[in-house]
>>> print(open('protein_23.txt').read())   # compact mmCIF, C-alpha atoms
# COMPACT_ATOMS: atom_id res chain seq x y z
CA MET A 15 0.00 0.00 0.00
CA ALA A 16 1.33 3.40 -0.89
CA SER A 17 2.47 5.66 1.91
CA LEU A 18 0.05 8.40 2.91
CA GLU A 19 2.85 10.94 2.53
CA GLU A 20 3.78 9.85 -1.00
CA PRO A 21 1.60 9.88 -4.12
CA ALA A 22 0.53 6.52 -5.57
CA TYR A 23 2.53 7.27 -8.70
CA ALA A 24 6.18 8.03 -9.24
CA LEU A 25 6.92 11.74 -9.27
CA LEU A 26 8.56 13.25 -12.28
CA PRO A 27 11.91 14.93 -11.51
CA GLU A 28 10.34 18.36 -12.01
CA GLU A 29 7.48 17.53 -9.62
CA ARG A 30 9.85 16.21 -6.96
CA ALA A 31 12.01 19.31 -7.26
CA GLU A 32 8.94 21.55 -6.92
CA ARG A 33 7.74 19.65 -3.83
CA ASP A 34 11.17 19.84 -2.21
CA ALA A 35 11.40 23.57 -2.99
CA THR A 36 7.98 24.16 -1.36
CA ARG A 37 9.07 22.31 1.79
CA ARG A 38 12.31 24.28 1.96
CA ALA A 39 10.40 27.54 1.55
CA ARG A 40 8.13 26.65 4.47
CA VAL A 41 11.09 25.79 6.68
CA ASP A 42 12.89 28.99 5.68
CA TYR A 43 9.80 31.04 6.48
CA ALA A 44 9.41 29.41 9.91
CA VAL A 45 13.07 30.08 10.72
CA MET A 46 12.82 33.72 9.63
CA ALA A 47 9.58 34.17 11.60
CA TRP A 48 11.16 32.95 14.83
CA LEU A 49 14.26 35.04 14.20
CA ASN A 50 12.12 38.15 13.78
CA PHE A 51 10.10 37.33 16.91
CA PHE A 52 13.06 36.76 19.23
CA GLU A 53 15.40 39.39 17.80
CA THR A 54 12.79 42.16 17.84
CA GLY A 55 11.44 41.13 21.23
CA ALA A 56 14.95 41.24 22.65
CA GLY A 57 15.34 44.85 21.53
CA ALA A 58 11.90 46.08 22.59
CA GLY A 59 12.74 46.84 26.20
CA LEU A 60 16.17 48.17 25.34
CA THR A 61 14.74 50.61 22.81
CA LYS A 62 11.62 51.75 24.63
CA PHE A 63 12.84 51.82 28.23
CA LEU A 64 16.37 53.12 27.60
CA PRO A 65 15.31 56.81 27.95
CA LEU A 66 13.74 56.01 31.34
CA PHE A 67 16.89 54.12 32.36
CA LEU A 68 19.07 57.09 31.43
CA ALA A 69 16.82 59.54 33.28
CA ALA A 70 16.98 57.31 36.36
CA ARG A 71 20.79 57.50 36.19
CA GLY A 72 20.53 61.27 36.69
CA LEU A 73 20.74 62.50 33.07
CA ASP A 74 18.58 65.50 32.12
CA ALA A 75 16.45 65.59 28.95
CA ALA A 76 19.20 67.13 26.81
CA GLN A 77 21.75 64.54 27.99
CA VAL A 78 19.27 61.72 27.39
CA GLY A 79 18.77 63.00 23.84
CA ALA A 80 22.53 63.26 23.29
CA VAL A 81 23.15 59.70 24.47
CA LEU A 82 20.29 58.38 22.33
CA ALA A 83 21.75 60.25 19.35
CA SER A 84 25.19 58.73 19.92
CA THR A 85 23.69 55.24 20.09
CA GLN A 86 22.06 55.77 16.71
CA VAL A 87 25.39 56.82 15.21
CA ALA A 88 26.95 53.65 16.66
CA LYS A 89 24.12 51.57 15.19
CA PHE A 90 24.54 53.21 11.81
CA ALA A 91 28.26 52.44 11.76
CA GLY A 92 27.73 48.89 12.95
CA GLY A 93 24.93 48.21 10.47
CA LEU A 94 27.04 49.36 7.53
CA VAL A 95 30.18 47.54 8.68
CA PHE A 96 28.53 44.22 9.40
CA GLY A 97 26.08 44.42 6.48
CA ARG A 98 28.95 44.95 4.05
CA LEU A 99 30.98 42.22 5.79
CA ALA A 100 28.12 39.73 5.41
CA ASP A 101 27.63 40.70 1.74
CA ALA A 102 31.34 40.34 1.00
CA THR A 103 31.87 37.02 2.79
CA GLY A 104 28.44 35.41 2.58
CA GLY A 105 28.86 34.56 6.26
CA TYR A 106 25.52 35.87 7.52
CA LYS A 107 25.32 33.19 10.19
CA ALA A 108 28.82 33.77 11.52
CA VAL A 109 28.39 37.55 11.59
CA LEU A 110 25.04 37.30 13.40
CA LEU A 111 26.37 34.95 16.08
CA ALA A 112 29.56 36.92 16.71
CA THR A 113 27.85 40.29 16.97
CA ASN A 114 25.02 38.89 19.11
CA GLY A 115 27.58 37.62 21.61
CA ALA A 116 29.35 40.97 21.80
CA ALA A 117 26.05 42.85 22.17
CA CYS A 118 25.03 40.60 25.07
CA ALA A 119 28.33 41.25 26.85
CA PHE A 120 27.80 45.02 26.69
CA ALA A 121 24.16 44.62 27.79
CA LEU A 122 25.21 42.72 30.91
CA ALA A 123 27.65 45.53 31.70
CA LEU A 124 24.64 47.87 31.94
CA THR A 125 23.02 45.90 34.78
CA SER A 126 23.29 47.01 38.40
CA LEU A 127 25.80 44.20 39.06
CA ALA A 128 28.36 45.88 36.80
CA ALA A 129 27.46 49.58 36.32
CA PRO A 130 31.03 50.86 35.66
CA TRP A 131 29.81 54.47 36.06
CA ARG A 132 28.70 54.01 39.67
CA SER A 133 31.58 55.97 41.21
CA LEU A 134 31.55 58.76 38.60
CA ARG A 135 29.77 62.11 38.63
CA GLY A 136 28.86 64.82 36.15
CA LEU A 137 29.97 64.58 32.55
CA ALA A 138 32.30 61.68 33.33
CA ARG A 139 29.27 59.66 34.42
CA VAL A 140 27.38 60.59 31.26
CA ALA A 141 30.37 59.64 29.11
CA ALA A 142 30.76 56.27 30.84
CA VAL A 143 27.09 55.42 30.41
CA ALA A 144 27.22 56.50 26.76
CA ALA A 145 30.33 54.40 26.07
CA VAL A 146 28.72 51.17 27.30
CA VAL A 147 25.37 51.91 25.64
CA ASP A 148 27.12 52.75 22.36
CA GLY A 149 29.14 49.54 22.48
CA GLN A 150 25.96 47.52 22.82
CA ALA A 151 24.35 49.52 20.03
CA PHE A 152 27.30 49.06 17.64
CA PHE A 153 27.29 45.27 17.86
CA GLY A 154 23.54 44.91 18.31
CA SER A 155 22.78 46.89 15.15
CA SER A 156 23.72 44.10 12.78
CA SER A 157 21.03 41.69 13.89
CA GLY A 158 18.01 43.55 12.53
CA THR A 159 19.91 44.74 9.46
CA LEU A 160 21.01 41.26 8.44
CA ILE A 161 17.64 39.70 9.19
CA ASP A 162 15.96 42.29 6.94
CA ALA A 163 18.53 41.64 4.20
CA ILE A 164 18.13 37.87 4.52
CA ALA A 165 14.36 38.19 4.46
CA VAL A 166 14.15 40.27 1.28
CA VAL A 167 16.56 37.93 -0.53
CA ASN A 168 14.55 34.86 0.48
CA MET A 169 11.20 36.49 -0.24
CA ALA A 170 12.43 37.57 -3.66
CA GLY A 171 13.12 33.91 -4.30
CA GLY A 172 9.44 32.97 -4.13
CA GLY A 173 8.59 32.85 -0.44
CA ALA A 174 6.04 34.81 1.49
CA SER A 175 6.07 38.59 1.67
CA TYR A 176 8.45 40.62 3.81
CA GLY A 177 5.43 42.19 5.52
CA SER A 178 4.20 38.82 6.81
CA LEU A 179 7.59 38.27 8.46
CA ARG A 180 7.46 41.73 10.04
CA LEU A 181 4.14 40.64 11.59
CA TRP A 182 6.11 38.22 13.77
CA ALA A 183 8.52 41.00 14.65
CA ALA A 184 5.60 43.20 15.74
CA LEU A 185 4.25 40.39 17.95
CA GLY A 186 7.64 39.89 19.57
CA TRP A 187 8.02 43.63 20.10
CA GLY A 188 4.63 44.08 21.78
CA VAL A 189 4.64 40.98 23.97
CA ALA A 190 8.17 41.63 25.18
CA ALA A 191 7.43 45.29 25.99
CA VAL A 192 4.64 44.41 28.43
CA ALA A 193 6.67 41.59 30.01
CA ILE A 194 9.71 43.81 30.42
CA GLY A 195 7.57 46.60 31.87
CA ARG A 196 6.39 44.18 34.55
CA GLY A 197 10.00 43.17 35.10
CA VAL A 198 11.07 46.80 35.58
CA ASP A 199 8.30 47.29 38.17
CA ALA A 200 9.39 44.16 40.04
CA PHE A 201 13.19 44.09 39.67
CA GLY A 202 14.34 47.49 38.42
CA PHE A 203 15.94 48.53 35.16
CA SER A 204 18.35 45.59 35.10
CA ALA A 205 15.38 43.56 33.83
CA ILE A 206 15.73 45.40 30.49
CA PHE A 207 19.20 44.06 29.85
CA VAL A 208 18.60 40.57 31.23
CA ALA A 209 15.59 40.29 28.90
CA PHE A 210 17.73 41.47 25.98
CA VAL A 211 20.32 38.78 26.67
CA ALA A 212 17.62 36.10 27.00
CA GLY A 213 15.88 37.07 23.76
CA THR A 214 19.15 37.38 21.86
CA ALA A 215 20.28 33.98 23.16
CA LEU A 216 17.07 32.41 21.85
CA ALA A 217 17.55 34.12 18.49
CA SER A 218 21.14 32.89 18.39
CA CYS A 219 19.99 29.33 19.05
CA VAL A 220 17.61 29.58 16.09
CA VAL A 221 20.47 30.87 13.95
CA ALA A 222 22.93 28.19 15.08
CA VAL A 223 20.57 25.21 14.69
CA LEU A 224 18.30 26.06 11.77
CA PHE A 225 19.73 28.90 9.76
CA LYS A 226 21.56 28.74 6.44
CA SER A 227 23.10 31.84 4.92
CA PRO A 228 21.27 32.82 1.73
CA ALA A 229 23.21 33.12 -1.48
CA ALA A 230 21.95 35.18 -4.37
CA LYS A 231 22.62 32.97 -7.38
CA THR A 232 22.94 34.17 -10.94
CA PRO A 233 21.26 31.76 -13.37
CA ALA A 234 23.52 30.00 -15.84
CA GLY A 235 24.16 32.14 -18.87
CA ALA A 236 22.77 35.27 -17.23
CA ALA A 237 24.61 38.50 -17.71
CA ALA A 238 26.55 40.05 -14.87
CA PRO A 239 24.84 42.86 -12.95
CA ALA A 240 24.90 46.19 -14.71
CA PRO A 241 27.59 48.58 -13.48
CA ALA A 242 24.84 51.13 -12.73
CA GLY A 243 23.68 48.78 -9.92
CA ARG A 244 26.78 49.71 -7.98
CA ARG A 245 25.50 53.27 -7.71
CA TRP A 246 21.80 52.45 -7.38
CA TYR A 247 21.46 54.93 -4.51
CA ALA A 248 22.21 57.86 -6.89
CA ALA A 249 19.82 56.82 -9.65
CA GLY A 250 16.54 58.57 -10.43
CA ALA A 251 14.62 59.98 -7.48
CA THR A 252 16.25 57.56 -5.03
CA PRO A 253 18.14 60.34 -3.17
CA LEU A 254 14.84 62.14 -2.53
CA TYR A 255 13.25 59.01 -1.15
CA PHE A 256 16.16 58.43 1.22
CA LEU A 257 16.01 62.10 2.22
CA ASN A 258 12.37 61.49 3.15
CA PHE A 259 13.33 58.45 5.22
CA PHE A 260 15.86 60.61 7.07
CA VAL A 261 13.40 63.44 7.79
CA HIS A 262 10.66 61.00 8.79
CA GLY A 263 13.14 59.33 11.15
CA CYS A 264 14.11 62.67 12.69
CA LEU A 265 10.50 63.50 13.53
CA ALA A 266 9.64 59.91 14.48
CA ALA A 267 12.27 60.20 17.22
CA PHE A 268 9.92 62.58 19.05
CA VAL A 269 7.62 59.58 19.51
CA GLU A 270 10.05 56.68 19.54
CA SER A 271 12.53 58.22 21.98
CA PHE A 272 10.36 60.43 24.18
CA LEU A 273 6.76 59.18 24.31
CA LEU A 274 7.20 56.85 27.29
CA LEU A 275 9.27 59.47 29.10
CA TYR A 276 6.52 62.01 28.36
CA VAL A 277 3.80 59.78 29.81
CA ALA A 278 5.89 58.78 32.84
CA SER A 279 6.79 62.39 33.68
CA ARG A 280 3.29 63.79 33.04
CA TYR A 281 1.57 60.97 34.97
CA PRO A 282 3.83 59.76 37.82
CA ASP A 283 1.23 57.16 38.81
CA ALA A 284 1.51 55.37 35.47
CA PRO A 285 3.19 51.97 36.12
CA SER A 286 5.92 50.63 33.87
CA TRP A 287 3.68 47.78 32.72
CA PHE A 288 1.28 50.38 31.32
CA LEU A 289 4.13 51.89 29.32
CA GLY A 290 4.73 48.42 27.93
CA LEU A 291 1.00 48.17 27.19
CA LEU A 292 1.27 51.27 24.99
CA VAL A 293 3.94 49.49 22.99
CA LEU A 294 1.88 46.29 22.82
CA VAL A 295 -1.23 48.07 21.48
CA ALA A 296 0.88 49.78 18.82
CA ALA A 297 2.53 46.47 17.89
CA LEU A 298 -0.75 44.56 17.65
CA CYS A 299 -2.15 47.24 15.35
CA GLU A 300 0.94 46.83 13.15
CA CYS A 301 0.15 43.16 12.52
CA PRO A 302 -2.68 43.51 9.94
CA VAL A 303 -0.74 46.25 8.17
CA PHE A 304 2.36 44.09 7.82
CA PHE A 305 0.20 41.11 6.79
CA TYR A 306 -1.52 43.04 3.99
CA ALA A 307 1.44 45.31 3.18
CA GLN A 308 2.18 43.72 -0.18
CA ARG A 309 -1.42 44.09 -1.31
CA LEU A 310 -1.44 47.74 -0.28
CA LEU A 311 1.85 48.32 -2.09
CA ASP A 312 0.55 46.63 -5.23
CA ARG A 313 -2.62 48.72 -5.21
CA PHE A 314 -1.41 52.15 -4.10
CA GLY A 315 2.35 52.14 -4.67
CA VAL A 316 5.20 53.24 -2.43
CA ARG A 317 4.82 56.98 -2.86
CA ARG A 318 1.14 57.27 -1.89
CA LEU A 319 1.64 55.13 1.20
CA LEU A 320 4.56 57.28 2.31
CA VAL A 321 2.50 60.46 1.91
CA PHE A 322 -0.39 58.93 3.86
CA ALA A 323 2.01 58.03 6.68
CA GLN A 324 3.36 61.58 6.72
CA GLY A 325 -0.10 63.12 7.08
CA LEU A 326 -1.24 60.81 9.86
CA PHE A 327 2.02 61.31 11.75
CA ALA A 328 1.40 65.07 11.84
CA LEU A 329 -2.07 64.46 13.29
CA ARG A 330 -0.65 61.97 15.81
CA CYS A 331 1.87 64.48 17.15
CA ALA A 332 -0.82 67.17 17.41
CA ALA A 333 -2.95 64.78 19.48
CA TYR A 334 -0.04 64.05 21.84
CA ALA A 335 0.51 67.79 22.29
CA PHE A 336 -3.05 68.69 23.24
CA LEU A 337 -4.45 65.52 24.87
CA PRO A 338 -3.20 66.22 28.45
CA GLY A 339 -4.75 69.69 28.34
CA CYS A 340 -8.10 68.30 27.23
CA VAL A 341 -8.12 65.54 29.86
CA ASP A 342 -7.01 67.06 33.16
CA ASP A 343 -6.98 63.86 35.19
CA ASP A 344 -4.29 61.96 37.08
CA ARG A 345 -5.48 58.81 35.30
CA GLY A 346 -5.46 60.50 31.93
CA PHE A 347 -2.60 58.32 30.73
CA TRP A 348 -5.20 55.71 29.74
CA TYR A 349 -6.38 57.97 26.93
CA PHE A 350 -3.00 57.59 25.23
CA LEU A 351 -4.04 54.05 24.34
CA LEU A 352 -6.55 55.54 21.89
CA LEU A 353 -3.73 57.14 19.87
CA GLU A 354 -1.45 54.11 19.55
CA PRO A 355 -3.33 52.37 16.69
CA SER A 356 -2.09 55.19 14.45
CA HIS A 357 1.38 53.63 14.78
CA ALA A 358 0.18 51.00 12.31
CA VAL A 359 0.31 53.64 9.57
CA THR A 360 2.96 56.07 10.80
CA PHE A 361 5.49 53.24 11.21
CA ALA A 362 4.35 49.84 9.89
CA LEU A 363 2.98 51.08 6.58
CA MET A 364 5.82 53.55 6.12
CA TRP A 365 8.48 50.93 6.90
CA SER A 366 6.97 48.32 4.58
CA ALA A 367 6.98 50.90 1.78
CA ALA A 368 10.57 51.90 2.58
CA VAL A 369 11.85 48.32 2.55
CA GLU A 370 10.04 47.68 -0.74
CA TYR A 371 11.58 50.79 -2.25
CA ALA A 372 15.09 49.74 -1.22
CA ARG A 373 14.45 46.21 -2.51
CA THR A 374 13.40 47.38 -5.96
CA ALA A 375 16.02 50.12 -6.21
CA ALA A 376 19.03 47.91 -5.42
CA PRO A 377 20.19 44.73 -7.18
CA VAL A 378 19.84 41.44 -5.29
CA GLU A 379 23.54 41.10 -4.57
CA ARG A 380 23.49 44.49 -2.81
CA GLN A 381 20.50 43.89 -0.56
CA GLY A 382 22.62 43.67 2.60
CA GLY A 383 24.08 47.10 1.94
CA ALA A 384 20.73 48.48 0.76
CA GLN A 385 18.84 47.43 3.87
CA ALA A 386 21.71 48.62 6.08
CA LEU A 387 21.62 52.01 4.33
CA LEU A 388 17.83 52.26 4.74
CA ARG A 389 17.92 51.29 8.40
CA GLY A 390 20.88 53.60 8.92
CA VAL A 391 19.28 56.61 7.25
CA TYR A 392 15.94 56.21 9.02
CA TYR A 393 16.80 54.82 12.44
CA TYR A 394 20.39 55.71 13.07
CA LEU A 395 20.91 59.06 11.39
CA GLY A 396 17.28 60.18 11.39
CA VAL A 397 16.18 59.00 14.83
CA GLY A 398 19.62 59.88 16.17
CA ALA A 399 19.44 63.48 14.99
CA GLY A 400 15.81 63.72 16.09
CA SER A 401 16.67 62.42 19.56
CA TRP A 402 19.32 65.08 20.02
CA VAL A 403 17.04 67.86 18.76
CA GLY A 404 14.09 66.52 20.74
CA GLY A 405 16.08 66.45 23.96
CA ARG A 406 17.04 70.09 23.50
CA ILE A 407 13.42 71.07 22.82
CA VAL A 408 12.15 69.23 25.90
CA LYS A 409 14.77 70.82 28.15
CA ALA A 410 14.08 74.31 26.81
CA ARG A 411 10.31 74.29 26.18
CA GLY A 412 8.81 71.03 27.45
CA PHE A 413 7.00 68.08 25.87
CA HIS A 414 4.07 70.13 24.57
CA ALA A 415 6.44 72.15 22.37
CA LEU A 416 8.12 68.92 21.22
CA TYR A 417 4.94 67.46 19.78
CA VAL A 418 3.75 70.74 18.32
CA ALA A 419 7.11 70.90 16.53
CA GLY A 420 6.60 67.32 15.32
CA ALA A 421 3.17 68.08 13.88
CA VAL A 422 4.20 71.33 12.18
CA GLY A 423 7.50 69.87 10.97
CA MET A 424 5.92 66.84 9.31
CA ALA A 425 3.17 68.90 7.67
CA ALA A 426 5.77 71.27 6.26
CA TRP A 427 7.97 68.42 5.05
CA MET A 428 5.04 66.65 3.38
CA ALA A 429 4.43 69.74 1.25
CA ALA A 430 8.14 70.31 0.57
CA TRP A 431 8.73 66.69 -0.46
CA ALA A 432 5.84 66.79 -2.92
CA LEU A 433 7.31 69.89 -4.53
CA LEU A 434 10.80 68.36 -4.67
CA LEU A 435 9.50 65.23 -6.38
CA ARG A 436 7.66 67.29 -8.97
CA ALA A 437 10.74 69.42 -9.66
CA TRP A 438 13.21 66.50 -9.71
CA ARG A 439 14.84 65.71 -13.03
CA PRO A 440 16.59 62.32 -12.86
CA ARG A 441 19.90 61.88 -14.60
CA PRO A 442 19.88 59.99 -17.94
CA ALA A 443 22.02 57.24 -16.36
CA ALA A 444 19.06 56.32 -14.18
CA ALA A 445 17.34 54.70 -17.17
CA ALA A 446 19.03 51.42 -16.28
CA LEU A 447 16.95 51.32 -13.11
CA ALA A 448 13.64 52.22 -14.73
CA PRO A 449 11.76 49.19 -13.29
CA ALA A 450 12.54 50.27 -9.73
CA GLU A 451 11.38 53.79 -10.40
CA ALA A 452 8.26 52.61 -12.17
CA SER A 453 7.21 50.63 -9.10
CA THR A 454 7.19 53.78 -6.98
CA GLU A 455 5.79 56.40 -9.36
CA VAL A 456 2.03 56.24 -8.93
CA PHE A 457 0.90 59.86 -9.26
>>> encode(input="protein_23.txt", output="structure tokens")
Amino acid sequence: MASLEEPAYALLPEERAERDATRRARVDYAVMAWLNFFETGAGAGLTKFLPLFLAARGLDAAQVGAVLASTQVAKFAGGLVFGRLADATGGYKAVLLATNGAACAFALALTSLAAPWRSLRGLARVAAVAAVVDGQAFFGSSSGTLIDAIAVVNMAGGGASYGSLRLWAALGWGVAAVAIGRGVDAFGFSAIFVAFVAGTALASCVVAVLFKSPAAKTPAGAAAPAPAGRRWYAAGATPLYFLNFFVHGCLAAFVESFLLLYVASRYPDAPSWFLGLLVLVAALCECPVFFYAQRLLDRFGVRRLLVFAQGLFALRCAAYAFLPGCVDDDRGFWYFLLLEPSHAVTFALMWSAAVEYARTAAPVERQGGAQALLRGVYYYLGVGAGSWVGGRIVKARGFHALYVAGAVGMAAWMAAWALLLRAWRPRPAAAALAPAEASTEVF
């Protein structure tokens, strides 16, 4: 009797190859999903609670912003270095494991058991805290960059969409934020770094046991990549799109870096688990957006989705600015939950469009560098600069002025970017990348 797992007839070689490829794709997807879940969950507490940790160490708002800015510079450098290293060597697995180990070592140095800044005061204390935080950021930056690069290469090969993988990252981010918030309430800020090490260790186990480094293969007889692909970032309107990612990152820092500090300082009775709940609600609302991201991109195109995200972000910042004045209540922090679903558009939709733009603009063999550049421009340079500026605004004028500036700044940039795109005249050499441009030009 024929096995239930095998057809009653002999498979043709082409059918067997197709079946094996489908199985491999499913395994690859499962591995990437778990990697996204653990890696993003590990960084949730470190990213969201770091401003509160720095404030608890005695840093004022301007110093917190400066340290956050320096960490973004360290992440940018690390992402580019390790992304290029992985592209050049093909050793994605080795690079991930080595950098994860180094990042965990620096994270443990930030716990209360180590705290090398304990005996220092003033600027020396700030510098010591920044040095350890920056070391963790430099080595920890490669994980998300390489996972994004690996994902887009695998998805381009016929797997599921990048957005469906980011859904698992959003789940890991939200669940970990609430759990870490409870840990901070119970055990102090050391829980942030212990959780990071635990999540990164789990991600490393997935990498070590199940992961295979992807290799972009050129079909037999295919021509070598066009020389223009080496300068894909200068072709067509690509510089304007990356300028938008930078500006959006600068203004997003007002939310990403300061929202939890804003709520905690405005409402002292708000527990840390509630701050984690804010992150969880935002992450859960990201899930359907990431799941349907490819359909939205196919229907509306990159440019329209980016403009939509810009407009809603301006409204979101305006709501943060005026909500406490409209709800004069010590328990008013609960109303902030009503604003967090907007994160699904202002981040998830924007980021899906950004990753798609970088994927179509750069050749396959440069995806590691392309995703590192995107993450660097948005997160590390953009959020870094925005964190520094935001810290100065908070120290000088307060949180209300910060979010008014965010709303006005994004509205102004949305208009300016539209004018720049209309006035832009791409160079003739950009014709080689016409398909990438065509996928983004929808107006």
>>> residues_near_point(input="protein_23.txt", point="(7.3, 71.1, 10.5)", cutoff="12 Å", atoms="all atoms listed in the file", output="list of chain:residue names")
A:Val261, A:His262, A:Cys264, A:Leu265, A:Gln324, A:Gly325, A:Phe327, A:Ala328, A:Leu329, A:Cys331, A:Ala332, A:Ala415, A:Leu416, A:Tyr417, A:Val418, A:Ala419, A:Gly420, A:Ala421, A:Val422, A:Gly423, A:Met424, A:Ala425, A:Ala426, A:Trp427, A:Met428, A:Ala429, A:Ala430, A:Trp431
>>> write_last_selection(input="protein_23.txt", atoms="C-alpha atoms", output="PDB file, keeping the file's coordinate frame")
ATOM      1  CA  VAL A 261      13.400  63.440   7.790  1.00  0.00           C
ATOM      2  CA  HIS A 262      10.660  61.000   8.790  1.00  0.00           C
ATOM      3  CA  CYS A 264      14.110  62.670  12.690  1.00  0.00           C
ATOM      4  CA  LEU A 265      10.500  63.500  13.530  1.00  0.00           C
ATOM      5  CA  GLN A 324       3.360  61.580   6.720  1.00  0.00           C
ATOM      6  CA  GLY A 325      -0.100  63.120   7.080  1.00  0.00           C
ATOM      7  CA  PHE A 327       2.020  61.310  11.750  1.00  0.00           C
ATOM      8  CA  ALA A 328       1.400  65.070  11.840  1.00  0.00           C
ATOM      9  CA  LEU A 329      -2.070  64.460  13.290  1.00  0.00           C
ATOM     10  CA  CYS A 331       1.870  64.480  17.150  1.00  0.00           C
ATOM     11  CA  ALA A 332      -0.820  67.170  17.410  1.00  0.00           C
ATOM     12  CA  ALA A 415       6.440  72.150  22.370  1.00  0.00           C
ATOM     13  CA  LEU A 416       8.120  68.920  21.220  1.00  0.00           C
ATOM     14  CA  TYR A 417       4.940  67.460  19.780  1.00  0.00           C
ATOM     15  CA  VAL A 418       3.750  70.740  18.320  1.00  0.00           C
ATOM     16  CA  ALA A 419       7.110  70.900  16.530  1.00  0.00           C
ATOM     17  CA  GLY A 420       6.600  67.320  15.320  1.00  0.00           C
ATOM     18  CA  ALA A 421       3.170  68.080  13.880  1.00  0.00           C
ATOM     19  CA  VAL A 422       4.200  71.330  12.180  1.00  0.00           C
ATOM     20  CA  GLY A 423       7.500  69.870  10.970  1.00  0.00           C
ATOM     21  CA  MET A 424       5.920  66.840   9.310  1.00  0.00           C
ATOM     22  CA  ALA A 425       3.170  68.900   7.670  1.00  0.00           C
ATOM     23  CA  ALA A 426       5.770  71.270   6.260  1.00  0.00           C
ATOM     24  CA  TRP A 427       7.970  68.420   5.050  1.00  0.00           C
ATOM     25  CA  MET A 428       5.040  66.650   3.380  1.00  0.00           C
ATOM     26  CA  ALA A 429       4.430  69.740   1.250  1.00  0.00           C
ATOM     27  CA  ALA A 430       8.140  70.310   0.570  1.00  0.00           C
ATOM     28  CA  TRP A 431       8.730  66.690  -0.460  1.00  0.00           C
TER      29      TRP A 431
END
>>> closest_residue(input="protein_23.txt", among="A:Val269, A:Arg406, A:Ala91, A:Ala47", to="A:Leu353", atoms="only C-alpha atoms")
A:Val269
>>> closest_residue(input="protein_23.txt", among="A:Ala31, A:Val81, A:Ala58, A:Ala128", to="A:Gly290", atoms="only C-alpha atoms")
A:Ala58
>>> atom_distance(input="protein_23.txt", atom1="atom CA of A:Ala384", atom2="atom CA of A:Arg245")
10.8 Å
>>> atom_distance(input="protein_23.txt", atom1="atom CA of A:Ala307", atom2="atom CA of A:Gly93")
24.8 Å
>>> closest_residue(input="protein_23.txt", among="A:Leu319, A:Val109, A:Leu435, A:Leu388", to="A:Phe90", atoms="all atoms listed in the file")
A:Leu388
>>> atom_distance(input="protein_23.txt", atom1="atom CA of A:Tyr306", atom2="atom CA of A:Arg38")
23.4 Å
>>> residues_near_point(input="protein_23.txt", point="(16.7, 43.6, 26.9)", cutoff="8 Å", atoms="all atoms listed in the file", output="number ranges by chain")
A: 56-60, 121, 194, 205-213
>>> closest_residue(input="protein_23.txt", among="A:Thr252, A:Thr54, A:Gln150, A:Ser401", to="A:Ala372", atoms="all atoms listed in the file")
A:Thr252
>>> residues_around(input="protein_23.txt", residues="A:Glu53", least_positions_apart="3", cutoff="6 Å", atoms="all atoms listed in the file", output="compact mmCIF listing (two decimals) with C-alpha atoms, in the coordinates of the input")
# COMPACT_ATOMS: atom_id res chain seq x y z
CA LEU A 49 14.26 35.04 14.20
CA ASN A 50 12.12 38.15 13.78
CA ALA A 56 14.95 41.24 22.65
CA THR A 214 19.15 37.38 21.86
CA ALA A 217 17.55 34.12 18.49
>>> closest_residue(input="protein_23.txt", among="A:Arg436, A:Lys409, A:Arg139, A:Arg380", to="A:Gly97", atoms="all atoms listed in the file")
A:Arg380
>>> residues_around(input="protein_23.txt", residues="A:Gly202", least_positions_apart="4", cutoff="10 Å", atoms="all atoms listed in the file", output="VMD selection string")
chain A and resid 67 125 to 126 194 to 198 206
>>> closest_residue(input="protein_23.txt", among="A:Phe336, A:Phe96, A:Tyr281, A:Phe413", to="A:Ser155", atoms="only C-alpha atoms")
A:Phe96
>>> residues_around(input="protein_23.txt", residues="stretch 359-362 of chain A", least_positions_apart="3", cutoff="6 Å", atoms="all atoms listed in the file", output="PDB file with C-alpha atoms, in the frame of the given file")
ATOM      1  CA  GLU A 300       0.940  46.830  13.150  1.00  0.00           C
ATOM      2  CA  ALA A 323       2.010  58.030   6.680  1.00  0.00           C
ATOM      3  CA  PHE A 327       2.020  61.310  11.750  1.00  0.00           C
ATOM      4  CA  SER A 356      -2.090  55.190  14.450  1.00  0.00           C
ATOM      5  CA  TRP A 365       8.480  50.930   6.900  1.00  0.00           C
TER       6      TRP A 365
END
>>> residues_around(input="protein_23.txt", residues="A:Trp48", least_positions_apart="4", cutoff="10 Å", atoms="all atoms listed in the file", output="ChimeraX atom specification")
/A:43-44,52-54,179,182-183,186,216-217,220-221
>>> build_atoms(input="protein_23.txt", residues="stretch 210-214 of chain A", atoms="N, CA and C atoms", output="PDB file, keeping the file's coordinate frame")
ATOM      1  N   PHE A 210      17.045  41.377  27.268  1.00  0.00           N
ATOM      2  CA  PHE A 210      17.730  41.470  25.980  1.00  0.00           C
ATOM      3  C   PHE A 210      18.637  40.266  25.766  1.00  0.00           C
ATOM      4  N   VAL A 211      19.395  39.914  26.791  1.00  0.00           N
ATOM      5  CA  VAL A 211      20.320  38.780  26.670  1.00  0.00           C
ATOM      6  C   VAL A 211      19.533  37.488  26.442  1.00  0.00           C
ATOM      7  N   ALA A 212      18.418  37.319  27.171  1.00  0.00           N
ATOM      8  CA  ALA A 212      17.620  36.100  27.000  1.00  0.00           C
ATOM      9  C   ALA A 212      17.044  35.997  25.599  1.00  0.00           C
ATOM     10  N   GLY A 213      16.456  37.094  25.100  1.00  0.00           N
ATOM     11  CA  GLY A 213      15.880  37.070  23.760  1.00  0.00           C
ATOM     12  C   GLY A 213      16.929  36.877  22.682  1.00  0.00           C
ATOM     13  N   THR A 214      18.076  37.516  22.848  1.00  0.00           N
ATOM     14  CA  THR A 214      19.150  37.380  21.860  1.00  0.00           C
ATOM     15  C   THR A 214      19.725  35.972  21.880  1.00  0.00           C
TER      16      THR A 214
END
